[in-house]
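Enquirer: input-v5.cif (mmCIF, C-alpha atoms) pasted underneath:
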```
data_input
#
loop_
_atom_site.label_atom_id
_atom_site.label_comp_id
_atom_site.auth_asym_id
_atom_site.auth_seq_id
_atom_site.Cartn_x
_atom_site.Cartn_y
_atom_site.Cartn_z
CA MET A 179 22.29 -3.35 6.94
CA SER A 180 20.05 -6.19 7.97
CA GLU A 181 21.24 -6.00 11.57
CA GLU A 182 19.26 -2.80 11.97
CA VAL A 183 15.90 -4.49 11.76
CA GLY A 184 16.56 -8.10 11.08
CA SER A 185 17.23 -9.36 14.59
CA ASP A 186 15.04 -12.09 15.98
CA GLU A 187 14.48 -10.42 19.31
CA ARG A 188 10.90 -10.49 20.38
CA PRO A 189 9.37 -7.09 19.84
CA GLY A 190 7.58 -7.34 23.19
CA LEU A 191 4.34 -5.84 21.96
CA GLY A 192 2.47 -4.46 24.90
CA GLY A 193 5.02 -6.17 27.16
CA GLU A 194 3.15 -9.47 26.86
CA GLN A 195 5.10 -12.55 27.97
CA ARG A 196 4.07 -15.56 25.91
CA HIS A 197 4.23 -19.20 26.84
CA PRO A 198 7.17 -20.73 24.87
CA THR A 199 4.86 -23.20 23.12
CA LYS A 200 2.54 -20.40 22.12
CA GLN A 201 5.46 -18.39 20.81
CA ALA A 202 6.81 -21.40 18.89
CA LEU A 203 3.43 -21.93 17.23
CA LEU A 204 3.21 -18.26 16.28
CA ASP A 205 6.75 -18.20 14.89
CA ALA A 206 6.13 -21.31 12.79
CA THR A 207 2.85 -19.88 11.47
CA ILE A 208 4.47 -16.58 10.54
CA ALA A 209 7.32 -18.38 8.80
CA ASP A 210 4.88 -20.52 6.83
CA MET A 211 2.81 -17.45 5.99
CA GLU A 212 5.87 -15.66 4.69
CA ALA A 213 6.95 -18.58 2.56
CA THR A 214 3.65 -19.45 0.92
CA GLY A 215 0.84 -17.09 1.85
CA GLU A 216 -1.91 -17.35 4.35
CA ALA A 217 -4.27 -19.46 2.26
CA SER A 218 -1.92 -22.39 2.34
CA ILE A 219 -0.84 -22.51 5.97
CA ARG A 220 -0.36 -26.18 6.63
CA GLY A 221 -1.36 -27.21 10.10
CA MET A 222 0.94 -30.23 10.08
CA LYS A 223 3.95 -28.21 9.03
CA VAL A 224 3.33 -25.61 11.70
CA LEU A 225 3.11 -28.31 14.36
CA LYS A 226 6.26 -29.99 13.11
CA ASP A 227 8.23 -26.73 12.89
CA ALA A 228 7.07 -25.62 16.31
CA GLY A 229 7.69 -29.11 17.70
CA VAL A 230 4.35 -29.18 19.54
CA SER A 231 1.19 -31.27 19.49
CA ASN A 232 -2.10 -30.52 17.78
CA GLY A 233 -3.76 -30.03 21.15
CA SER A 234 -1.50 -27.04 21.86
CA ILE A 235 -3.02 -24.98 19.07
CA PHE A 236 -6.42 -25.34 20.69
CA TYR A 237 -5.09 -24.92 24.19
CA HIS A 238 -3.20 -21.70 23.43
CA PHE A 239 -5.32 -20.14 20.70
CA GLY A 240 -8.71 -21.87 20.72
CA SER A 241 -8.72 -22.50 16.98
CA ARG A 242 -6.62 -22.51 13.82
CA GLU A 243 -8.24 -19.24 12.75
CA ALA A 244 -7.32 -17.58 16.05
CA LEU A 245 -3.70 -18.68 15.61
CA ILE A 246 -3.68 -17.23 12.10
CA GLN A 247 -5.18 -13.96 13.33
CA GLU A 248 -2.64 -13.64 16.10
CA ALA A 249 0.17 -14.33 13.62
CA ILE A 250 -1.13 -11.68 11.22
CA ALA A 251 -1.47 -9.06 13.96
CA GLU A 252 2.02 -9.81 15.24
CA ARG A 253 3.43 -9.63 11.74
CA TYR A 254 1.94 -6.23 11.12
CA LEU A 255 2.58 -4.60 14.45
CA SER A 256 6.13 -5.86 14.89
CA ALA A 257 7.02 -4.65 11.39
CA VAL A 258 5.65 -1.18 12.15
CA SER A 259 7.37 -1.14 15.52
CA ARG A 260 10.78 -2.09 14.12
CA GLY A 261 10.49 0.48 11.37
CA LEU A 262 9.63 3.14 13.91
CA ASP A 263 12.32 2.20 16.42
CA ALA A 264 14.89 2.43 13.67
CA PHE A 265 13.55 5.86 12.82
CA SER A 266 13.15 8.13 15.77
CA SER A 267 16.40 7.69 17.70
CA SER A 268 18.25 10.89 16.80
CA ILE A 269 15.45 13.10 15.48
CA LYS A 270 15.20 15.04 18.75
CA GLU A 271 18.69 16.48 18.34
CA ILE A 272 17.76 18.41 15.22
CA GLU A 273 18.03 22.20 15.53
CA THR A 274 17.23 23.62 12.08
CA GLY A 275 15.01 23.06 9.04
CA ASP A 276 18.04 22.19 6.90
CA ALA A 277 19.14 19.62 9.44
CA LEU A 278 15.59 18.18 9.48
CA ILE A 279 15.66 17.63 5.71
CA GLU A 280 19.17 16.16 5.92
CA PHE A 281 18.02 13.84 8.69
CA PHE A 282 15.14 12.57 6.56
CA ARG A 283 17.43 12.23 3.55
CA GLY A 284 19.61 9.81 5.55
CA GLU A 285 16.58 7.96 6.93
CA LEU A 286 15.04 7.51 3.48
CA ARG A 287 18.33 6.12 2.19
CA ARG A 288 18.24 3.52 4.95
CA PHE A 289 14.60 2.79 4.20
CA GLY A 290 15.61 1.76 0.70
CA GLY A 291 17.59 -1.18 2.12
CA SER A 292 16.36 -4.69 1.47
CA SER A 293 15.56 -5.39 5.12
CA PHE A 294 13.15 -2.45 5.08
CA HIS A 295 11.61 -3.71 1.86
CA GLU A 296 10.93 -6.96 3.72
CA LEU A 297 9.23 -4.99 6.49
CA ARG A 298 7.01 -3.31 3.89
CA VAL A 299 6.10 -6.69 2.42
CA ARG A 300 5.17 -7.92 5.89
CA ARG A 301 3.12 -4.84 6.65
CA ALA A 302 1.24 -4.92 3.35
CA SER A 303 0.58 -8.67 3.61
CA ALA A 304 -0.68 -8.51 7.16
CA LEU A 305 -2.74 -5.36 6.63
CA GLY A 306 -4.40 -6.80 3.53
CA ALA A 307 -5.16 -10.08 5.29
CA SER A 308 -6.73 -8.27 8.25
CA LEU A 309 -9.12 -5.99 6.40
CA LEU A 310 -11.83 -8.58 5.82
CA ARG A 311 -11.72 -10.05 9.32
CA PRO A 312 -13.59 -7.76 11.72
CA GLY A 313 -11.92 -8.86 15.00
CA LEU A 314 -8.45 -8.74 13.57
CA ARG A 315 -9.11 -5.48 11.76
CA GLU A 316 -10.03 -3.80 15.07
CA ARG A 317 -6.86 -5.11 16.61
CA ILE A 318 -4.65 -3.83 13.82
CA ILE A 319 -6.38 -0.45 13.95
CA ALA A 320 -5.81 -0.21 17.71
CA GLY A 321 -2.16 -1.24 17.40
CA GLN A 322 -1.56 1.12 14.52
CA SER A 323 -3.17 3.96 16.44
CA GLU A 324 -0.58 3.52 19.19
CA TYR A 325 2.18 3.85 16.61
CA PHE A 326 0.68 7.04 15.26
CA ASP A 327 0.75 8.38 18.81
CA ARG A 328 4.36 7.30 19.28
CA ALA A 329 5.47 8.74 15.95
CA SER A 330 3.83 12.07 16.73
CA LEU A 331 5.99 12.60 19.86
CA PRO A 332 9.21 13.64 18.08
CA ILE A 333 7.16 15.88 15.78
CA LYS A 334 5.66 17.64 18.80
CA PHE A 335 9.09 17.90 20.36
CA LEU A 336 10.48 19.63 17.27
CA GLN A 337 7.43 21.87 17.09
CA ALA A 338 8.20 23.07 20.61
CA LYS A 339 11.75 23.83 19.47
CA GLY A 340 10.48 25.76 16.47
CA VAL A 341 12.03 23.42 13.90
CA ILE A 342 8.66 22.11 12.68
CA ASP A 343 5.67 24.31 11.88
CA PRO A 344 3.57 24.40 15.10
CA SER A 345 0.32 24.47 13.12
CA VAL A 346 0.85 20.92 11.79
CA ASP A 347 -1.31 18.29 13.47
CA ALA A 348 1.42 15.85 14.56
CA ARG A 349 -0.69 12.70 14.73
CA SER A 350 -2.41 12.99 11.37
CA PHE A 351 0.87 13.90 9.73
CA ALA A 352 2.49 10.85 11.32
CA ALA A 353 -0.31 8.69 9.84
CA TRP A 354 0.14 10.33 6.44
CA PHE A 355 3.89 9.77 6.54
CA LEU A 356 3.79 6.17 7.84
CA GLY A 357 1.33 5.42 5.03
CA LEU A 358 3.63 7.02 2.48
CA LEU A 359 6.56 4.90 3.72
CA LEU A 360 4.49 1.73 3.31
CA SER A 361 3.43 2.78 -0.18
CA ARG A 362 7.04 2.71 -1.35
CA ILE A 363 6.38 -0.99 -1.87
CA LEU A 364 4.60 -0.18 -5.15
CA SER A 365 7.71 1.59 -6.49
CA ASP A 366 9.99 -1.15 -5.06
CA LEU A 367 8.08 -3.79 -7.01
CA ASP A 368 7.94 -1.85 -10.28
CA PRO A 369 10.60 -2.95 -12.78
CA VAL A 370 11.26 0.60 -14.06
CA CYS A 371 11.21 2.77 -10.93
CA GLU A 372 14.40 3.44 -9.02
CA PRO A 373 12.88 4.49 -5.74
CA ASP A 374 16.22 5.37 -4.13
CA GLY A 375 16.34 8.35 -6.45
CA ALA A 376 13.09 10.00 -7.43
CA TRP A 377 10.80 8.41 -4.82
CA SER A 378 13.02 9.71 -2.00
CA GLU A 379 13.32 13.16 -3.59
CA PHE A 380 9.54 13.53 -3.89
CA THR A 381 9.17 12.39 -0.30
CA LEU A 382 11.75 14.91 0.92
CA GLU A 383 9.97 17.72 -0.91
CA ALA A 384 6.69 16.58 0.62
CA ILE A 385 8.25 16.66 4.09
CA GLY A 386 9.77 20.11 3.51
CA ALA A 387 6.50 21.55 2.21
CA ASN A 388 4.50 20.21 5.15
CA LEU A 389 6.81 20.47 8.13
CA LEU A 390 9.04 23.52 7.72
CA PRO A 391 7.67 26.64 9.40
CA PRO A 392 6.09 29.26 7.08
CA THR A 393 9.15 31.56 7.17
CA THR A 394 11.27 28.94 5.44
CA GLU A 395 8.45 27.54 3.32
CA PRO A 396 9.35 29.27 0.04
CA LEU A 397 12.63 27.43 0.18
CA LEU A 398 11.68 24.10 -1.39
CA ALA A 399 13.54 21.02 -0.25
CA ARG A 400 15.18 20.68 -3.66
CA GLU A 401 16.83 24.07 -3.21
CA ILE A 402 18.26 23.07 0.14
CA ALA A 403 19.81 20.00 -1.42
CA MET B 4 -9.11 -15.08 -39.48
CA SER B 5 -6.13 -16.18 -37.49
CA SER B 6 -6.57 -16.92 -33.82
CA ASN B 7 -3.73 -14.68 -32.68
CA ASP B 8 -5.41 -11.38 -33.51
CA THR B 9 -8.53 -12.00 -31.47
CA GLU B 10 -8.11 -8.60 -29.81
CA ASN B 11 -9.33 -6.79 -32.88
CA VAL B 12 -11.94 -9.08 -34.34
CA VAL B 13 -15.67 -8.93 -33.82
CA LYS B 14 -16.47 -11.80 -31.55
CA GLY B 15 -18.90 -14.49 -32.65
CA PRO B 16 -21.77 -15.63 -30.45
CA GLN B 17 -19.76 -18.49 -29.02
CA ALA B 18 -16.88 -16.23 -27.99
CA LEU B 19 -19.34 -13.83 -26.39
CA ARG B 20 -20.98 -16.66 -24.46
CA SER B 21 -17.59 -17.82 -23.38
CA GLU B 22 -16.71 -14.30 -22.21
CA ALA B 23 -19.98 -14.15 -20.25
CA THR B 24 -19.25 -17.46 -18.55
CA LYS B 25 -15.81 -16.29 -17.55
CA ARG B 26 -17.25 -13.02 -16.26
CA ALA B 27 -19.92 -14.79 -14.22
CA LEU B 28 -17.31 -17.03 -12.61
CA LEU B 29 -15.09 -14.07 -11.81
CA ASP B 30 -17.96 -12.07 -10.34
CA ALA B 31 -19.03 -14.96 -8.13
CA ALA B 32 -15.44 -15.48 -6.95
CA LEU B 33 -15.09 -11.77 -6.21
CA ALA B 34 -18.35 -11.72 -4.26
CA ASP B 35 -17.26 -14.69 -2.19
CA MET B 36 -13.87 -13.11 -1.59
CA GLU B 37 -15.58 -9.94 -0.47
CA ALA B 38 -17.69 -11.76 2.06
CA THR B 39 -15.14 -14.05 3.62
CA GLY B 40 -11.60 -13.33 2.49
CA GLU B 41 -9.58 -15.09 -0.15
CA ALA B 42 -8.60 -18.10 1.89
CA SER B 43 -12.11 -19.39 1.98
CA ILE B 44 -13.35 -19.05 -1.60
CA ARG B 45 -15.75 -21.94 -1.86
CA ILE B 46 -15.83 -23.41 -5.32
CA THR B 47 -19.24 -25.03 -4.83
CA LYS B 48 -20.63 -21.65 -3.83
CA VAL B 49 -18.99 -19.90 -6.78
CA LEU B 50 -20.47 -22.44 -9.17
CA GLN B 51 -23.86 -22.17 -7.54
CA GLU B 52 -23.86 -18.36 -7.66
CA SER B 53 -22.67 -18.17 -11.25
CA GLY B 54 -24.85 -21.09 -12.39
CA ILE B 55 -21.89 -22.59 -14.18
CA THR B 56 -20.54 -26.12 -14.23
CA ASN B 57 -17.32 -27.36 -12.75
CA GLY B 58 -16.06 -28.36 -16.22
CA SER B 59 -16.53 -24.81 -17.41
CA LEU B 60 -14.45 -23.44 -14.54
CA TYR B 61 -11.54 -25.69 -15.46
CA HIS B 62 -11.96 -24.87 -19.13
CA HIS B 63 -11.71 -21.12 -18.51
CA PHE B 64 -9.28 -20.91 -15.62
CA GLY B 65 -7.48 -24.25 -15.54
CA SER B 66 -7.90 -24.69 -11.78
CA ARG B 67 -9.33 -23.21 -8.62
CA GLU B 68 -6.01 -21.40 -8.20
CA GLY B 69 -6.33 -19.99 -11.73
CA LEU B 70 -9.74 -18.52 -10.89
CA VAL B 71 -8.50 -17.15 -7.55
CA GLN B 72 -5.52 -15.51 -9.25
CA ALA B 73 -7.64 -13.92 -11.97
CA ALA B 74 -10.02 -12.57 -9.33
CA ILE B 75 -7.18 -11.16 -7.24
CA ALA B 76 -5.53 -9.49 -10.24
CA GLU B 77 -8.83 -7.89 -11.13
CA ARG B 78 -9.31 -6.68 -7.58
CA PHE B 79 -5.92 -5.03 -7.47
CA LEU B 80 -6.40 -2.78 -10.46
CA GLY B 81 -9.77 -3.39 -12.12
CA SER B 82 -11.70 -0.54 -10.56
CA VAL B 83 -8.76 1.82 -10.43
CA THR B 84 -8.27 1.95 -14.18
CA LYS B 85 -11.70 3.54 -14.65
CA GLY B 86 -10.87 6.33 -12.22
CA LEU B 87 -7.54 6.84 -13.93
CA ALA B 88 -9.18 7.19 -17.35
CA VAL B 89 -11.36 10.04 -16.06
CA PHE B 90 -8.41 11.68 -14.32
CA THR B 91 -6.12 11.54 -17.38
CA ARG B 92 -8.89 13.01 -19.55
CA ARG B 93 -9.19 15.92 -17.13
CA VAL B 94 -5.44 16.38 -16.98
CA ALA B 95 -5.25 16.41 -20.79
CA GLU B 96 -7.53 19.49 -20.84
CA VAL B 97 -5.42 21.47 -18.38
CA GLY B 98 -3.71 24.61 -19.71
CA SER B 99 -1.98 26.05 -16.65
CA THR B 100 -0.39 25.05 -13.37
CA GLU B 101 -3.32 26.56 -11.42
CA GLU B 102 -5.81 24.49 -13.42
CA LEU B 103 -3.77 21.36 -12.82
CA PHE B 104 -3.82 21.96 -9.05
CA GLU B 105 -7.57 22.49 -9.27
CA VAL B 106 -7.91 19.09 -11.00
CA PHE B 107 -5.78 17.55 -8.23
CA ARG B 108 -8.00 19.16 -5.58
CA GLU B 109 -11.02 17.53 -7.17
CA GLU B 110 -9.17 14.26 -7.50
CA LEU B 111 -8.36 14.35 -3.77
CA VAL B 112 -12.08 14.80 -3.03
CA ARG B 113 -12.91 11.86 -5.32
CA ILE B 114 -10.23 9.75 -3.61
CA GLY B 115 -12.09 10.30 -0.32
CA SER B 116 -15.45 9.01 -1.60
CA PRO B 117 -16.83 5.77 -0.15
CA ASP B 118 -16.40 3.98 -3.49
CA VAL B 119 -12.73 4.77 -3.68
CA GLN B 120 -12.27 3.91 0.00
CA ALA B 121 -13.69 0.47 -0.76
CA GLN B 122 -11.34 0.20 -3.75
CA ARG B 123 -8.38 0.75 -1.47
CA VAL B 124 -9.50 -2.12 0.75
CA HIS B 125 -9.78 -4.32 -2.35
CA ARG B 126 -6.39 -3.26 -3.61
CA MET B 127 -4.60 -3.85 -0.32
CA THR B 128 -6.31 -7.22 0.13
CA ALA B 129 -5.31 -8.22 -3.40
CA LEU B 130 -1.73 -7.01 -2.94
CA ALA B 131 -1.43 -9.03 0.27
CA ALA B 132 -2.73 -12.14 -1.48
CA ALA B 133 -0.34 -11.63 -4.41
CA LEU B 134 2.88 -10.98 -2.46
CA PRO B 135 3.66 -14.61 -1.64
CA ARG B 136 2.69 -15.95 -5.11
CA ALA B 137 5.42 -15.29 -7.65
CA ASP B 138 3.44 -15.59 -10.89
CA LEU B 139 0.46 -13.65 -9.61
CA LEU B 140 2.76 -10.95 -8.28
CA GLU B 141 4.46 -10.71 -11.65
CA ARG B 142 1.08 -10.34 -13.30
CA ILE B 143 -0.13 -7.52 -11.08
CA ILE B 144 3.22 -5.76 -11.32
CA ALA B 145 2.92 -5.83 -15.12
CA ASP B 146 -0.67 -4.48 -14.91
CA GLN B 147 0.47 -1.80 -12.52
CA ALA B 148 3.38 -0.81 -14.77
CA ARG B 149 0.94 -0.13 -17.62
CA TYR B 150 -1.13 1.95 -15.26
CA PHE B 151 1.92 3.98 -14.19
CA ASP B 152 2.79 4.44 -17.87
CA GLY B 153 -0.67 5.85 -18.61
CA ALA B 154 -0.52 8.34 -15.75
CA ALA B 155 3.07 9.26 -16.68
CA ASP B 156 2.03 10.02 -20.28
CA ALA B 157 -0.60 12.46 -19.07
CA ILE B 158 1.82 14.30 -16.75
CA GLY B 159 4.57 14.10 -19.38
CA ARG B 160 2.50 16.16 -21.82
CA LEU B 161 2.08 18.83 -19.14
CA ARG B 162 5.80 18.82 -18.47
CA ASP B 163 6.47 19.39 -22.16
CA GLN B 164 4.08 22.35 -22.07
CA GLY B 165 5.85 23.87 -19.06
CA VAL B 166 2.80 23.37 -16.80
CA VAL B 167 4.85 21.28 -14.37
CA ARG B 168 8.53 21.35 -13.48
CA GLY B 169 10.73 20.51 -16.46
CA ASP B 170 13.13 18.08 -14.79
CA ILE B 171 10.54 15.82 -13.19
CA ASP B 172 10.69 12.05 -13.72
CA VAL B 173 7.00 11.69 -14.62
CA ARG B 174 6.78 7.94 -14.31
CA ALA B 175 8.43 7.93 -10.89
CA PHE B 176 6.02 10.69 -9.89
CA ALA B 177 3.03 8.66 -11.13
CA ALA B 178 4.21 5.68 -9.04
CA TRP B 179 4.83 7.90 -6.01
CA PHE B 180 1.41 9.53 -6.18
CA LEU B 181 -0.56 6.36 -6.94
CA GLY B 182 1.19 4.64 -4.03
CA LEU B 183 0.46 7.56 -1.73
CA SER B 184 -3.22 7.41 -2.77
CA LEU B 185 -3.40 3.74 -1.80
CA SER B 186 -1.80 4.51 1.55
CA ARG B 187 -4.72 6.77 2.50
CA LEU B 188 -6.18 3.48 3.68
CA LEU B 189 -4.16 3.77 6.91
CA SER B 190 -5.83 7.09 7.71
CA ASP B 191 -9.26 5.90 6.48
CA ILE B 192 -9.41 3.10 9.05
CA ASP B 193 -8.20 5.15 12.02
CA PRO B 194 -11.19 6.31 14.07
CA ASP B 195 -9.58 9.57 15.24
CA LEU B 196 -8.40 10.92 11.91
CA ASP B 197 -10.20 13.07 9.38
CA PRO B 198 -8.39 12.27 6.14
CA ASP B 199 -10.72 14.43 4.00
CA THR B 200 -9.12 17.48 5.54
CA GLU B 201 -5.74 16.46 6.99
CA TRP B 202 -4.56 13.74 4.61
CA SER B 203 -5.74 15.68 1.58
CA GLU B 204 -4.05 18.85 2.77
CA TYR B 205 -0.66 17.18 3.29
CA THR B 206 -0.97 15.55 -0.10
CA TYR B 207 -1.96 18.79 -1.80
CA LYS B 208 0.97 20.69 -0.30
CA ALA B 209 3.30 17.91 -1.41
CA LEU B 210 1.93 18.01 -4.97
CA VAL B 211 2.40 21.76 -5.18
CA ALA B 212 5.99 21.49 -3.91
CA ILE B 213 6.87 18.68 -6.30
CA LEU B 214 5.12 19.87 -9.46
CA THR B 215 5.43 23.66 -9.46
CA PRO B 216 7.73 24.78 -12.31
CA GLU B 217 11.08 26.40 -11.49
CA PRO B 218 10.79 30.16 -10.85
CA SER B 219 12.60 30.93 -14.13
CA ALA B 220 9.99 29.04 -16.08
CA LEU B 221 7.21 31.18 -14.59
CA SER B 222 8.49 34.48 -15.97
#
```
Show me the file's structure as structure tokens.
Expert:
Amino acid sequence: MSEEVGSDERPGLGGEQRHPTKQALLDATIADMEATGEASIRGMKVLKDAGVSNGSIFYHFGSREALIQEAIAERYLSAVSRGLDAFSSSIKEIETGDALIEFFRGELRRFGGSSFHELRVRRASALGASLLRPGLRERIIAGQSEYFDRASLPIKFLQAKGVIDPSVDARSFAAWFLGLLLSRILSDLDPVCEPDGAWSEFTLEAIGANLLPPTTEPLLAREIA
Amino acid sequence: MSSNDTENVVKGPQALRSEATKRALLDAALADMEATGEASIRITKVLQESGITNGSLYHHFGSREGLVQAAIAERFLGSVTKGLAVFTRRVAEVGSTEELFEVFREELVRIGSPDVQAQRVHRMTALAAALPRADLLERIIADQARYFDGAADAIGRLRDQGVVRGDIDVRAFAAWFLGLSLSRLLSDIDPDLDPDTEWSEYTYKALVAILTPEPSALS
């Protein structure tokens, strides 16, 4: 299932067109980061992999630190964006509460795939690396905020149709849910947990309890199943 | 006294001194990490702050990397285990489903406190630093598994008493909930969200849906 998220197309964040050298430097830095961690990014290796000169780092980014920051931001935001794009395609066609739960059941199954685990690793790595760097942190927060807005659109759409409880605040729920999806990484890593089973069931019940309108609320997600 | 049961022996003055040295090094590394991020831990600064010699660092941690790894592992779970101990004690005293949900309500308030917010930043930073390092990752996964086990034991006793749903996989639930708690970080850092009300409410509703015993068990 890697073709769903694993393509190397540029995510086109904010529609920015990058100079090919700049993009090559970023790609090489991200690859090095993924292989060995940020602490050990080797300037020489990045230059060699990108096939560019030392001067280009300074020309395009100003400093090694700025290149690293850009790479971290790109890593985080493109991972969130791909996860979200994979998500919201058919959600608007849902007509009933049962169909909503079934939709999420299918989505959560896909989210258990290894390519999505890789996205979680990227998100967690980049988020953790950004928290102690004020400039980068602000950037991640701003980018993430846009995704919360985007993810709240289908919720609002289904609220208007009466499928989702209209009293739910779409944006804060989107933030809660996108956080929950990221946190699956802890169960993924654990040697005992089988997140495809229980983790997904708990998540479905959480969705049912929060999103279904009050009339259907007594019907817990596990009873629909 | 054999050296392989050091866990249970009273430590002599030398062992205590050694422990103190190790602690001082770890604290200085953590402080430096806090200020500047892991990549830039400066060994000279760590030694200066802890007042400890270079030889001592290598004796206790083997290498700079050894010290960095120990500090990261401690950051990931160190502070969390204290909170968990309090929570499991409270859970152990619970006699009914309503009381359990009350304990969770209080736990959700505690999770929102500035201390615990800072813990989440530490945990996420440590997780990020551990992900690309196989042995460190293995170490924090093992620590985390023990922590899931502890939380699962507490919920497991309640399941056996019929306070929570009888068919629940308690360890998977512990992992789900402890992961969700960490993910509050995303809402914490967003300037337009109010996680004390919204995030906590979604989480509370989820807990009630997941843990409430089957209707037949209520009668």
Enquirer: Could you list, as an NGL selection string, every residue within 12 Å of Arg162 in chain B, counting all atoms listed in the file and ignoring same-chain residues fewer than 4 positions away?
Expert: :B and (94-95 or 97-100 or 103 or 155-158 or 166-174 or 176 or 214-217 or 220)
Enquirer: Could you work out how far CA of Thr84 in chain B lies from CA of Gly153 in chain B, giving the answer in Å with one decimal?
Expert: 9.6 Å
Enquirer: Please indicate the distance in Å from CA of Gln120 in chain B to CA of Leu140 in chain B, rounded to one decimal place.
Expert: 22.7 Å
Enquirer: If we count only C-alpha atoms, what is near Lys208 in chain B at a cut-off of 10 Å, once residues fewer than 2 positions away on the same chain are taken out, given as a ChimeraX atom specification?
Expert: /A:383-388 /B:203-206,210-213
Enquirer: Tell me, in Å to one decimal, how far CA of Ala154 in chain B is from CA of Glu379 in chain A.
Expert: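 One can read the CA of Ala154 in chain B to CA of Glu379 in chain A distance as 19.0 Å.
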Enquirer: Show me, as a ChimeraX atom specification, every residue of chain B with an atom at most 8 Å from chain A, counting all atoms listed in the file.
Expert: /B:37-43,124,127-132,134-136,144,147-148,172,174-176,178-179,182-183,185-190,192-193,196,198,201-202,205-206,208-210,212-213
Enquirer: Tell me which residues the PyMOL selection byres ((chain A and resi 241-252) around 7) grabs here, as a short mmCIF file (atom, residue, chain, number, x, y, z; two decimals) with C-alpha atoms, keeping the file's coordinate frame.
Expert:
```cif
data_model
loop_
_atom_site.label_atom_id
_atom_site.label_comp_id
_atom_site.auth_asym_id
_atom_site.auth_seq_id
_atom_site.Cartn_x
_atom_site.Cartn_y
_atom_site.Cartn_z
CA LEU A 204 3.21 -18.26 16.28
CA THR A 207 2.85 -19.88 11.47
CA ILE A 208 4.47 -16.58 10.54
CA ILE A 235 -3.02 -24.98 19.07
CA PHE A 236 -6.42 -25.34 20.69
CA PHE A 239 -5.32 -20.14 20.70
CA GLY A 240 -8.71 -21.87 20.72
CA ARG A 253 3.43 -9.63 11.74
CA TYR A 254 1.94 -6.23 11.12
CA LEU A 255 2.58 -4.60 14.45
CA SER A 256 6.13 -5.86 14.89
CA ALA A 304 -0.68 -8.51 7.16
CA LEU A 314 -8.45 -8.74 13.57
CA ILE A 318 -4.65 -3.83 13.82
#
```
Enquirer: If we count all atoms listed in the file and set the cut-off at 12 Å, which residues sit around Ser53 in chain B, ignoring sequence neighbours fewer than 2 positions away in its own chain? Please answer as a VMD selection string.
Expert: chain B and resid 23 to 35 46 to 51 55 to 57 59 to 60
Enquirer: Do a neighbour search on Lys85 in chain B at 12 Å with all atoms listed in the file, toss out local chain neighbours closer than 4 positions, and write the hits as a ChimeraX atom specification.
Expert: /B:80-81,89-92,119,122,150,153
Enquirer: Would you give the centre and edge lengths, in Å to one decimal, of a box along x, y and z around the listed atoms of range 340-352 of chain A, with 8 Å added to each side, as JSON?
Expert:
```
{"center_x": 4.8, "center_y": 18.3, "center_z": 13.1, "size_x": 30.4, "size_y": 30.9, "size_z": 22.7}
```
Enquirer: Could you tell me, as number ranges by chain, which residues have any atom at most 12 Å from (14.9, 9.1, 9.4), counting all atoms listed in the file?
Expert: A: 261-270, 272, 277-290, 329, 332, 355-356, 359, 378, 381-382, 385
Enquirer: Running the PyMOL selection byres ((chain A and resi 232) around 12) on this model by hand, what would come out? Give it as a PyMOL selection string.
Expert: chain A and resi 199-200+203+221-226+228-231+233-242
